Amino acid sequence: MSHLINRRRALQGGGLLAASLFLAACGGGPPPVLRAPGEGFGRNDINPTPREGVRDGGDLLWPIDELPQNLNNNQFDGGTTYVGTVISPVIASLIKATADGELVPNPDYLTSMRLTSTSPQVVSYTIHPKATWSDGTPITWRDFEAQWKALNGTNPAYLVSSTVGYDVIGSVTRGADDKQAVVTYAHPLGEWNTLFSPLYPASTNSDPAVFNTGWLNKIPVSAGPFKLDSIDQGAKTATFSRDPRWWGTPAKLDRIIIKQYERTALADALANNEIDFYEIGSSVDLFRRAQGTPGVVVRQSTERLYSHVTFNGAPGSILSDLPVRQAIAKAINREAIATRLLGQITPHPVPLGNTMYPIGTREYRDNSAALTYDQAAANQMLDAAGWTRPNPGATRTKNGKPLALRLLGNTNNPVNDLINKTLLDQLGQVGATVSVTTADTTQWQTALHGGDFDLVGFGWQIGTAPFAGMRGLYENPAGGDVRQNYGRVFSQRILDLFNQGTVELDDVKRAELGNEVDQLIWQEAHHLPLYAYPGAYAVRSTLANFGASGFAETDYINAGFVK
């Protein structure tokens with residue numbers, strides 16, 4: 001289980017893949033000082049500093065677990081948080097999230113965004129008059145039209161990460177002038193304010209070949225406060241500098257340099273001034289190293305990432321039988337895992353109880369009762385499903401076949417064994433044998449997409465628009481096109497509720513549907529959430545307007561070093 005993280009995530013990003021940070025250490029030490037996930041909701045921790053208190057210039061040295069290759073976030077291979085990290089300083093981010101998760105138009109790109117009609121649903125976007133792509137082309141309604149056509153699913157040549165939202169738009173037309181896009185929906189969309197951000201240019205959205213491969217190791221066109229100078233896959237480094245074409249307030253930083261680092265190297269890299277921050281995640285070692293590094297502070301804010309285990313329920317797989325999948329889930333002690341991973345740095349860690357809404361939000365409810373840890377019930381369910389064993393220490397069999405599960409691990413996480421060994425032990429107690437297959441990131445991605453596993457752990461991000469952003473996790477797989485339903489577990493009831501929630505315009509009613517669908521997700525044992533990330537970061541103390549952003553966006557314009 002590896003880790004993918006960024007500070008500016010695609011707003012629909014419930015479906016963004018993030019491999020979970022299962023890092024921990026054992027032994028004594030100082031008492032926990034981090035807040036439990038969900039506490040302090042609505043606040044971020046970024047050392048807020050007036051712009052005049054931030055010096056002009058300087059390089060922000062940004063570590064990343066993997067430097068991605070396809071930088072089109074809307075393309076199937078680009079739908080990861082790694083990509084969000086690389087593109088966010090340079091792409092047209094039309095919508096911003098605030099610290100409490102509210103979505104507002106980004107005034108650098110939009111002067112207004114209004115729902116002008118509900119029957120039919122019509123949304124009008126007025127584009128900033130100076131907004132221009134890096135090639136000199138004005139940003140216009142044509143860019144909205146091209147993105148809709150690329151992502152609405154009507155042309156299979158576009159290998160998209162998701163069609164949700166775009167597939168219910170009936171038309172995108174010119175408004176009062178070229179700087180106004182009028183979007184008319186054929187069917188209602190409750191989470192309409194998450195679409196078209198980030199916005200990609202019509203020049204790369206109008207051709208499927210360019211859409212699919214035109215962003216490989218390059219950013220051909222941009223529109224942000226920074227521009228890409230270079231990507232060096234050999235050195236695993238991407239360098240950005242202030243864009244002189246930027247029409248908004250200039251960024252304070254001269255450059256942002258993103259470089260790939262192994263997790264084990266982060267603490268030393270920060271101490272040696274090679275990087276300016278790192279995510280602590282659930283690592284006791286990284287937490288303590290941060291506490292002991294001069295000039296470094298720990299910043300924390302509730303965020304949307306959570307760790308989980310995905311089950312492969314594809315037809316013919318060993319976990320395709322729902323009672324067996326439920327039994328395996330009930331044999332996993334989530335509280336013990338949360339305590340082992342977070343207990344030394346966070347007081348009273350609790351397992352996550354919702355897949356649709358982050359802990360701490362008003363919509364959050366604990367809906368996990370269907371998969372409560374119960375080893376006795378797990379044993380009974382496996383017995384009833386025909387998986388028997390002659391004695392308590394034996395591996396269960398059915399028709400001569402052992403209950404042998406393949407756990408897919410990632411070699412890039414140096415402490416991957418911690419969570420794997422925990423699962424091996426817990427599942428072994430109910431008679432399931434678990435073998436771990438480790439793979440590098442490329443092999444891991446291939447195995448994940450191909451369904452070559454029984455169990456796999458990584459992280460999901462709960463998006464600001466759960467119905468639009470997370471539907472891909474529950475789509476009905478069609479051959480090799482599984483969207484993000486890597487475990488191939490499909491329930492028509494879940495999809496029907498997603499359909500209802502997608503068109504519901506009332507926020508309260510939509511949240512009720514969200515919790516109803518969440519209950520079904522647990523009952524279906526689609527995947528098993530473990531715990532929410534604590535949102536803690538080790539940050540150089542001189543960094544201003546940067547750190548633990550929580551639900552908010554990174555402020556690339558005002559981030560920098562204090563004077």
# chains A, B, ... in the order shown; residues from 1 in each chain; ligands from 1
$ residues_around --residues "Gly386 in chain A" --least-positions-apart "3" --cutoff "10 Å" --atoms "only C-alpha atoms" --output "MDAnalysis selection string"
chainID A and resid 324 381:383 389 396:399
$ write_last_selection --atoms "C-alpha atoms" --output "compact mmCIF listing (two decimals), in the first residue's frame"
# COMPACT_ATOMS: atom_id res chain seq x y z
CA VAL A 324 -18.04 -14.67 1.96
CA MET A 381 -20.91 -17.13 7.76
CA LEU A 382 -17.98 -18.97 6.22
CA ASP A 383 -19.29 -22.27 7.58
CA ARG A 389 -12.04 -26.52 8.27
CA ARG A 396 -10.78 -23.53 5.19
CA THR A 397 -11.62 -25.43 2.02
CA LYS A 398 -14.61 -25.80 -0.26
CA ASN A 399 -14.84 -28.60 -2.81
$ residues_around --residues "range 549-554 of chain A" --least-positions-apart "5" --cutoff "12 Å" --atoms "only C-alpha atoms" --output "number ranges by chain"
A: 6-11, 13, 37-48, 84-85, 88-89, 93-104, 106, 279, 299-305, 358, 360-361, 461-464, 533-537, 539, 544, 559-560
$ residues_around --residues "Asp143 in chain A" --least-positions-apart "2" --cutoff "6 Å" --atoms "only C-alpha atoms" --output "PyMOL selection string"
chain A and resi 140-141+145-146+201-202
$ write_last_selection --atoms "N, CA, C and O atoms" --output "PDB file, in the first residue's frame"
ATOM      1  N   THR A 140     -12.613  30.819 -23.711  1.00  0.00           N
ATOM      2  CA  THR A 140     -13.970  31.180 -24.138  1.00  0.00           C
ATOM      3  C   THR A 140     -14.931  30.025 -23.883  1.00  0.00           C
ATOM      4  O   THR A 140     -14.549  28.961 -23.396  1.00  0.00           O
ATOM      5  N   TRP A 141     -16.160  30.260 -24.311  1.00  0.00           N
ATOM      6  CA  TRP A 141     -17.195  29.245 -24.170  1.00  0.00           C
ATOM      7  C   TRP A 141     -16.855  27.992 -24.977  1.00  0.00           C
ATOM      8  O   TRP A 141     -17.311  26.892 -24.646  1.00  0.00           O
ATOM      9  N   GLU A 145     -17.456  23.924 -24.237  1.00  0.00           N
ATOM     10  CA  GLU A 145     -18.104  23.026 -25.196  1.00  0.00           C
ATOM     11  C   GLU A 145     -17.223  21.822 -25.498  1.00  0.00           C
ATOM     12  O   GLU A 145     -17.694  20.670 -25.516  1.00  0.00           O
ATOM     13  N   ALA A 146     -15.942  22.057 -25.723  1.00  0.00           N
ATOM     14  CA  ALA A 146     -15.027  20.965 -26.068  1.00  0.00           C
ATOM     15  C   ALA A 146     -14.869  19.995 -24.903  1.00  0.00           C
ATOM     16  O   ALA A 146     -14.802  18.773 -25.103  1.00  0.00           O
ATOM     17  N   PRO A 201      -8.017  23.110 -22.289  1.00  0.00           N
ATOM     18  CA  PRO A 201      -8.282  23.913 -23.488  1.00  0.00           C
ATOM     19  C   PRO A 201      -8.932  23.104 -24.606  1.00  0.00           C
ATOM     20  O   PRO A 201      -8.710  21.898 -24.743  1.00  0.00           O
ATOM     21  N   ALA A 202      -9.709  23.797 -25.412  1.00  0.00           N
ATOM     22  CA  ALA A 202     -10.342  23.149 -26.563  1.00  0.00           C
ATOM     23  C   ALA A 202      -9.300  22.570 -27.507  1.00  0.00           C
ATOM     24  O   ALA A 202      -9.535  21.551 -28.166  1.00  0.00           O
TER      25      ALA A 202
END
$ closest_residue --among "A:Tyr357, A:Trp62, A:Phe453, A:Trp215" --to "Ile257 in chain A" --atoms "only C-alpha atoms"
A:Trp62
$ select_by_dssp --residues "range 198-331 of chain A" --states "strand (DSSP E or B)" --output "NGL selection string"
:A and (199 or 216 or 226-232 or 237-242 or 255-260 or 277-279 or 296-300 or 305-311)
$ residues_around --residues "Ile64 in chain A" --least-positions-apart "4" --cutoff "12 Å" --atoms "only C-alpha atoms" --output "ChimeraX atom specification"
/A:2-7,68,81-86,236-238,257-263,265-266,275-279
$ residues_around --residues "Ser307 in chain A" --least-positions-apart "3" --cutoff "7 Å" --atoms "only C-alpha atoms" --output "list in words"
Ser20, Phe458, Gly459, Trp460, Pro529, Leu530, Tyr531 and Ala532 of chain A
$ residues_around --residues "Leu448 in chain A" --least-positions-apart "5" --cutoff "10 Å" --atoms "only C-alpha atoms" --output "JSON, numbers by chain"
{"A": [310, 312, 408, 442, 443, 453, 455, 456, 484, 485, 486, 487]}
$ closest_atom_pairs --of "range 396-469 of chain A" --to "range 478-483 of chain A" --cutoff "10 Å" --atoms "only C-alpha atoms" --output "Markdown table"
| residue | atom | partner | partner_atom | distance |
| --- | --- | --- | --- | --- |
| A:His449 | CA | A:Val482 | CA | 7.7 |
| A:Gly450 | CA | A:Gly480 | CA | 7.4 |
| A:Gly451 | CA | A:Gly480 | CA | 9.4 |
$ write_last_selection --atoms "C-alpha atoms" --output "mmCIF file, in the first residue's frame"
data_model
loop_
_atom_site.group_PDB
_atom_site.id
_atom_site.type_symbol
_atom_site.label_atom_id
_atom_site.label_comp_id
_atom_site.auth_asym_id
_atom_site.auth_seq_id
_atom_site.Cartn_x
_atom_site.Cartn_y
_atom_site.Cartn_z
ATOM 1 C CA HIS A 449 -6.777 -2.211 -13.257
ATOM 2 C CA GLY A 450 -6.698 -5.838 -14.376
ATOM 3 C CA GLY A 451 -8.270 -7.207 -11.197
#
$ closest_residue --among "A:Ala329, A:Leu495, A:Ala465, A:Val309" --to "Gly409 in chain A" --atoms "only C-alpha atoms"
A:Val309
$ residues_around --residues "Leu371 in chain A" --least-positions-apart "3" --cutoff "8 Å" --atoms "only C-alpha atoms" --output "VMD selection string"
chain A and resid 326 329 to 330 368 522 to 523 525
$ closest_atom_pairs --of "range 235-277 of chain A" --to "range 126-137 of chain A" --cutoff "12 Å" --atoms "only C-alpha atoms" --output "Markdown table"
| residue | atom | partner | partner_atom | distance |
| --- | --- | --- | --- | --- |
| A:Asp243 | CA | A:Ser134 | CA | 8.5 |
| A:Pro244 | CA | A:Ser134 | CA | 9.5 |
| A:Arg245 | CA | A:Ser134 | CA | 6.8 |
| A:Trp246 | CA | A:Thr132 | CA | 8.1 |
| A:Trp247 | CA | A:Lys130 | CA | 6.2 |
| A:Gly248 | CA | A:Lys130 | CA | 8.6 |
